[in-house]
Amino acid sequence: MDSRKLAVLCQELADNKKAEDIVILDVREISSVTDYFVIASGASEPHLRAIVDEITDKLRENHHLRAKAIDGTLQAAWIVLDYFDVIVHVMRADVRERYDLETLWGDANKLRTRKRKTARASSAG
């Protein structure tokens with residue numbers, strides 16, 4: 001699977017568990033470390049765990065992909081999943097605001113993906 005498809009899949013998996021403010025940064029032009037960052041917020045330790053588990057479990061079960069490394073803790077409210085070409089950051093909103101990766105990597109383009117229709121969006125109309 002190419003890195004763009006993996007990044008979008010990680011975004012969709014995080015969205016399955018209602019992760020908030022999910023962003024994909026295309027860092028191919030400015031980083032030699034990875035191609036994409038996927039950044040997602042969760043509201044609590046259980047929410048962060050659910051998001052991380054959804055991503056790691058589904059990628060392993062459905063695509064035979066395992067993270068090369070997992071760093072951080074639920075208590076620290078920031079978990080990093082390293083899939084080599086895609087690095088996923090799952091963080092509580094206050095931690096995300098403090099470290100502000102989007103500004104730190106401000107030269108990166110945000111990947112635009114199609115939003116899937118949700119029950120909330122279709123009933124709000």
# chains A, B, ... in the order shown; residues from 1 in each chain; ligands from 1

$ closest_atom_pairs --of "stretch 10-37 of chain A" --to "stretch 81-87 of chain A" --cutoff "8 Å" --atoms "only C-alpha atoms" --output "tab-separated table"
residue	atom	partner	partner_atom	distance
A:Val33	CA	A:Asp85	CA	7.8
A:Thr34	CA	A:Asp85	CA	4.6
A:Asp35	CA	A:Asp85	CA	5.0
A:Tyr36	CA	A:Val86	CA	4.8
A:Phe37	CA	A:Ile87	CA	5.0

$ residues_around --residues "A:Lys17" --least-positions-apart "2" --cutoff "8 Å" --atoms "only C-alpha atoms" --output "JSON, numbers by chain"
{"A": [13, 14, 15, 19, 47, 50, 51, 54]}

$ residues_around --residues "A:Glu12" --least-positions-apart "6" --cutoff "12 Å" --atoms "only C-alpha atoms" --output "short mmCIF file (atom, residue, chain, number, x, y, z; two decimals) with N, CA and C atoms, in the first residue's frame"
data_model
loop_
_atom_site.label_atom_id
_atom_site.label_comp_id
_atom_site.auth_asym_id
_atom_site.auth_seq_id
_atom_site.Cartn_x
_atom_site.Cartn_y
_atom_site.Cartn_z
N LYS A 5 -2.24 6.30 0.59
CA LYS A 5 -3.39 5.46 0.92
C LYS A 5 -3.36 5.04 2.38
N LEU A 6 -2.17 4.75 2.90
CA LEU A 6 -2.05 4.39 4.31
C LEU A 6 -2.43 5.56 5.21
N LYS A 18 -14.37 8.21 16.35
CA LYS A 18 -14.75 9.60 16.61
C LYS A 18 -13.60 10.47 17.11
N ALA A 19 -12.40 10.23 16.55
CA ALA A 19 -11.28 11.13 16.82
C ALA A 19 -11.66 12.52 16.32
N GLU A 20 -11.11 13.52 16.95
CA GLU A 20 -11.47 14.90 16.62
C GLU A 20 -10.34 15.56 15.83
N ILE A 22 -8.98 15.61 12.80
CA ILE A 22 -7.98 14.75 12.15
C ILE A 22 -7.38 15.49 10.95
N VAL A 23 -6.06 15.55 10.93
CA VAL A 23 -5.34 16.26 9.88
C VAL A 23 -4.26 15.34 9.32
N ILE A 24 -4.07 15.39 8.01
CA ILE A 24 -2.95 14.69 7.37
C ILE A 24 -2.03 15.76 6.81
N VAL A 38 -0.22 11.89 10.39
CA VAL A 38 -1.65 11.92 10.66
C VAL A 38 -1.76 12.35 12.11
N ILE A 39 -2.50 13.42 12.36
CA ILE A 39 -2.65 13.95 13.71
C ILE A 39 -4.12 13.92 14.08
N ALA A 40 -4.42 13.34 15.24
CA ALA A 40 -5.82 13.21 15.67
C ALA A 40 -5.89 13.46 17.17
N ILE A 51 -8.88 4.87 19.90
CA ILE A 51 -8.37 5.32 18.59
C ILE A 51 -7.12 4.53 18.21
N GLU A 54 -7.95 0.88 17.42
CA GLU A 54 -8.62 0.76 16.13
C GLU A 54 -7.60 0.78 14.99
N ILE A 55 -6.68 1.72 15.05
CA ILE A 55 -5.68 1.84 13.98
C ILE A 55 -4.77 0.62 13.97
N LYS A 58 -6.82 -2.87 13.20
CA LYS A 58 -7.34 -3.01 11.83
C LYS A 58 -6.22 -3.09 10.80
N LEU A 59 -5.14 -2.32 11.00
CA LEU A 59 -4.03 -2.40 10.05
C LEU A 59 -3.37 -3.77 10.13
N THR A 113 -8.94 15.29 1.80
CA THR A 113 -9.60 14.03 1.50
C THR A 113 -11.09 14.26 1.49
N ARG A 114 -11.77 13.36 0.80
CA ARG A 114 -13.23 13.47 0.78
C ARG A 114 -13.77 13.11 2.14
N LYS A 115 -14.68 13.92 2.62
CA LYS A 115 -15.33 13.62 3.90
C LYS A 115 -16.42 12.60 3.65
N ARG A 116 -16.46 11.57 4.48
CA ARG A 116 -17.56 10.63 4.38
C ARG A 116 -18.78 11.24 5.05
#

$ residues_around --residues "A:Asn109" --least-positions-apart "3" --cutoff "8 Å" --atoms "only C-alpha atoms" --output "list in words"
Leu25, Asp26, Val27 and Gly106 of chain A

$ write_last_selection --atoms "N, CA, C and O atoms" --output "PDB file, in the first residue's frame"
ATOM      1  N   LEU A  25      -0.769  15.741   7.249  1.00  0.00           N
ATOM      2  CA  LEU A  25       0.236  16.663   6.731  1.00  0.00           C
ATOM      3  C   LEU A  25       1.143  15.909   5.767  1.00  0.00           C
ATOM      4  O   LEU A  25       1.695  14.860   6.116  1.00  0.00           O
ATOM      5  N   ASP A  26       1.312  16.442   4.572  1.00  0.00           N
ATOM      6  CA  ASP A  26       2.208  15.882   3.566  1.00  0.00           C
ATOM      7  C   ASP A  26       3.586  16.498   3.796  1.00  0.00           C
ATOM      8  O   ASP A  26       3.813  17.665   3.475  1.00  0.00           O
ATOM      9  N   VAL A  27       4.495  15.733   4.379  1.00  0.00           N
ATOM     10  CA  VAL A  27       5.818  16.258   4.725  1.00  0.00           C
ATOM     11  C   VAL A  27       6.914  15.724   3.790  1.00  0.00           C
ATOM     12  O   VAL A  27       8.101  15.866   4.081  1.00  0.00           O
ATOM     13  N   GLY A 106       4.517  23.779   9.705  1.00  0.00           N
ATOM     14  CA  GLY A 106       3.652  24.700   8.958  1.00  0.00           C
ATOM     15  C   GLY A 106       3.922  24.771   7.470  1.00  0.00           C
ATOM     16  O   GLY A 106       3.059  25.206   6.709  1.00  0.00           O
TER      17      GLY A 106
END

$ select_by_dssp --residues "chain A" --states "alpha helix (DSSP H)" --output "PDB file with C-alpha atoms, in the first residue's frame"
ATOM      1  CA  SER A   3       1.990   5.972   1.837  1.00  0.00           C
ATOM      2  CA  ARG A   4      -0.846   8.284   0.782  1.00  0.00           C
ATOM      3  CA  LYS A   5      -3.392   5.460   0.919  1.00  0.00           C
ATOM      4  CA  LEU A   6      -2.045   4.386   4.305  1.00  0.00           C
ATOM      5  CA  ALA A   7      -2.354   7.933   5.663  1.00  0.00           C
ATOM      6  CA  VAL A   8      -5.949   8.210   4.452  1.00  0.00           C
ATOM      7  CA  LEU A   9      -6.743   4.781   5.892  1.00  0.00           C
ATOM      8  CA  CYS A  10      -5.311   5.834   9.277  1.00  0.00           C
ATOM      9  CA  GLN A  11      -7.499   8.943   9.122  1.00  0.00           C
ATOM     10  CA  GLU A  12     -10.582   6.816   8.406  1.00  0.00           C
ATOM     11  CA  LEU A  13      -9.766   4.377  11.215  1.00  0.00           C
ATOM     12  CA  ALA A  14      -9.323   7.237  13.681  1.00  0.00           C
ATOM     13  CA  ASP A  15     -12.619   8.666  12.473  1.00  0.00           C
ATOM     14  CA  ASN A  16     -14.276   5.287  13.175  1.00  0.00           C
ATOM     15  CA  GLU A  45      -7.371   8.179  28.079  1.00  0.00           C
ATOM     16  CA  PRO A  46     -10.077   5.637  27.126  1.00  0.00           C
ATOM     17  CA  HIS A  47     -10.810   7.599  23.944  1.00  0.00           C
ATOM     18  CA  LEU A  48      -7.108   7.720  23.029  1.00  0.00           C
ATOM     19  CA  ARG A  49      -6.834   3.964  23.679  1.00  0.00           C
ATOM     20  CA  ALA A  50      -9.844   3.269  21.455  1.00  0.00           C
ATOM     21  CA  ILE A  51      -8.365   5.317  18.594  1.00  0.00           C
ATOM     22  CA  VAL A  52      -4.920   3.708  18.889  1.00  0.00           C
ATOM     23  CA  ASP A  53      -6.397   0.215  19.161  1.00  0.00           C
ATOM     24  CA  GLU A  54      -8.624   0.755  16.127  1.00  0.00           C
ATOM     25  CA  ILE A  55      -5.679   1.843  13.984  1.00  0.00           C
ATOM     26  CA  THR A  56      -3.224  -0.823  15.162  1.00  0.00           C
ATOM     27  CA  ASP A  57      -5.731  -3.687  15.218  1.00  0.00           C
ATOM     28  CA  LYS A  58      -7.343  -3.005  11.833  1.00  0.00           C
ATOM     29  CA  LEU A  59      -4.030  -2.401  10.049  1.00  0.00           C
ATOM     30  CA  ARG A  60      -2.664  -5.652  11.490  1.00  0.00           C
ATOM     31  CA  GLU A  61      -5.817  -7.736  10.871  1.00  0.00           C
ATOM     32  CA  ASN A  62      -6.845  -6.390   7.472  1.00  0.00           C
ATOM     33  CA  HIS A  63      -3.539  -5.319   5.910  1.00  0.00           C
ATOM     34  CA  ALA A  93      -6.519  18.232  22.679  1.00  0.00           C
ATOM     35  CA  ASP A  94      -4.635  20.197  25.373  1.00  0.00           C
ATOM     36  CA  VAL A  95      -1.398  18.313  24.616  1.00  0.00           C
ATOM     37  CA  ARG A  96      -1.912  18.862  20.907  1.00  0.00           C
ATOM     38  CA  GLU A  97      -2.399  22.573  21.481  1.00  0.00           C
ATOM     39  CA  ARG A  98       0.739  22.758  23.647  1.00  0.00           C
ATOM     40  CA  TYR A  99       3.019  21.055  21.109  1.00  0.00           C
ATOM     41  CA  LEU A 101       2.689  20.166  15.417  1.00  0.00           C
ATOM     42  CA  GLU A 102       0.657  21.832  12.678  1.00  0.00           C
ATOM     43  CA  THR A 103       2.533  25.098  13.226  1.00  0.00           C
ATOM     44  CA  LEU A 104       5.862  23.362  13.799  1.00  0.00           C
ATOM     45  CA  ALA A 119     -25.471  10.525  10.256  1.00  0.00           C
ATOM     46  CA  ARG A 120     -24.994  13.899  11.949  1.00  0.00           C
ATOM     47  CA  ALA A 121     -24.184  15.674   8.695  1.00  0.00           C
ATOM     48  CA  SER A 122     -27.041  14.135   6.749  1.00  0.00           C
ATOM     49  CA  SER A 123     -29.615  14.809   9.489  1.00  0.00           C
ATOM     50  CA  ALA A 124     -28.462  18.394  10.072  1.00  0.00           C
TER      51      ALA A 124
END

$ atom_distance --atom1 "atom CA of A:Lys68" --atom2 "atom CA of A:Val80"
10.6 Å

$ residues_around --residues "A:Met91" --least-positions-apart "2" --cutoff "6 Å" --atoms "only C-alpha atoms" --output "list in words"
Ser41, Ala77, Trp78 and Arg96 of chain A

$ atom_distance --atom1 "atom CA of A:Asp2" --atom2 "atom CA of A:Val90"
21.3 Å

$ decode --residues "stretch 84-100 of chain A" --atoms "N, CA and C atoms" --output "PDB file, in the first residue's frame"
ATOM      1  N   PHE A  84       6.574   3.931   9.428  1.00  0.00           N
ATOM      2  CA  PHE A  84       7.685   4.298   8.564  1.00  0.00           C
ATOM      3  C   PHE A  84       7.328   5.444   7.614  1.00  0.00           C
ATOM      4  N   ASP A  85       6.516   5.189   6.597  1.00  0.00           N
ATOM      5  CA  ASP A  85       6.139   6.253   5.661  1.00  0.00           C
ATOM      6  C   ASP A  85       5.007   7.123   6.192  1.00  0.00           C
ATOM      7  N   VAL A  86       4.342   6.654   7.233  1.00  0.00           N
ATOM      8  CA  VAL A  86       3.250   7.399   7.874  1.00  0.00           C
ATOM      9  C   VAL A  86       3.466   7.332   9.382  1.00  0.00           C
ATOM     10  N   ILE A  87       3.468   8.482  10.011  1.00  0.00           N
ATOM     11  CA  ILE A  87       3.571   8.545  11.467  1.00  0.00           C
ATOM     12  C   ILE A  87       2.274   9.140  11.990  1.00  0.00           C
ATOM     13  N   VAL A  88       1.627   8.398  12.888  1.00  0.00           N
ATOM     14  CA  VAL A  88       0.332   8.803  13.430  1.00  0.00           C
ATOM     15  C   VAL A  88       0.541   9.327  14.849  1.00  0.00           C
ATOM     16  N   HIS A  89       0.036  10.541  15.093  1.00  0.00           N
ATOM     17  CA  HIS A  89       0.083  11.154  16.419  1.00  0.00           C
ATOM     18  C   HIS A  89      -1.348  11.200  16.949  1.00  0.00           C
ATOM     19  N   VAL A  90      -1.584  10.523  18.060  1.00  0.00           N
ATOM     20  CA  VAL A  90      -2.897  10.553  18.704  1.00  0.00           C
ATOM     21  C   VAL A  90      -2.690  11.234  20.054  1.00  0.00           C
ATOM     22  N   MET A  91      -3.356  12.367  20.261  1.00  0.00           N
ATOM     23  CA  MET A  91      -3.107  13.159  21.451  1.00  0.00           C
ATOM     24  C   MET A  91      -4.380  13.778  22.003  1.00  0.00           C
ATOM     25  N   ARG A  92      -4.359  14.029  23.299  1.00  0.00           N
ATOM     26  CA  ARG A  92      -5.452  14.775  23.906  1.00  0.00           C
ATOM     27  C   ARG A  92      -5.345  16.214  23.410  1.00  0.00           C
ATOM     28  N   ALA A  93      -6.471  16.900  23.301  1.00  0.00           N
ATOM     29  CA  ALA A  93      -6.519  18.232  22.679  1.00  0.00           C
ATOM     30  C   ALA A  93      -5.586  19.229  23.357  1.00  0.00           C
ATOM     31  N   ASP A  94      -5.500  19.226  24.691  1.00  0.00           N
ATOM     32  CA  ASP A  94      -4.635  20.197  25.373  1.00  0.00           C
ATOM     33  C   ASP A  94      -3.159  19.929  25.081  1.00  0.00           C
ATOM     34  N   VAL A  95      -2.779  18.667  24.957  1.00  0.00           N
ATOM     35  CA  VAL A  95      -1.398  18.313  24.616  1.00  0.00           C
ATOM     36  C   VAL A  95      -1.116  18.721  23.174  1.00  0.00           C
ATOM     37  N   ARG A  96      -2.069  18.480  22.309  1.00  0.00           N
ATOM     38  CA  ARG A  96      -1.912  18.862  20.907  1.00  0.00           C
ATOM     39  C   ARG A  96      -1.738  20.371  20.769  1.00  0.00           C
ATOM     40  N   GLU A  97      -2.508  21.109  21.521  1.00  0.00           N
ATOM     41  CA  GLU A  97      -2.399  22.573  21.481  1.00  0.00           C
ATOM     42  C   GLU A  97      -1.033  23.023  21.989  1.00  0.00           C
ATOM     43  N   ARG A  98      -0.558  22.385  23.053  1.00  0.00           N
ATOM     44  CA  ARG A  98       0.739  22.758  23.647  1.00  0.00           C
ATOM     45  C   ARG A  98       1.886  22.524  22.664  1.00  0.00           C
ATOM     46  N   TYR A  99       1.904  21.382  22.000  1.00  0.00           N
ATOM     47  CA  TYR A  99       3.019  21.055  21.109  1.00  0.00           C
ATOM     48  C   TYR A  99       2.831  21.569  19.694  1.00  0.00           C
ATOM     49  N   ASP A 100       1.606  21.805  19.292  1.00  0.00           N
ATOM     50  CA  ASP A 100       1.267  22.501  18.047  1.00  0.00           C
ATOM     51  C   ASP A 100       2.064  22.026  16.829  1.00  0.00           C
TER      52      ASP A 100
END
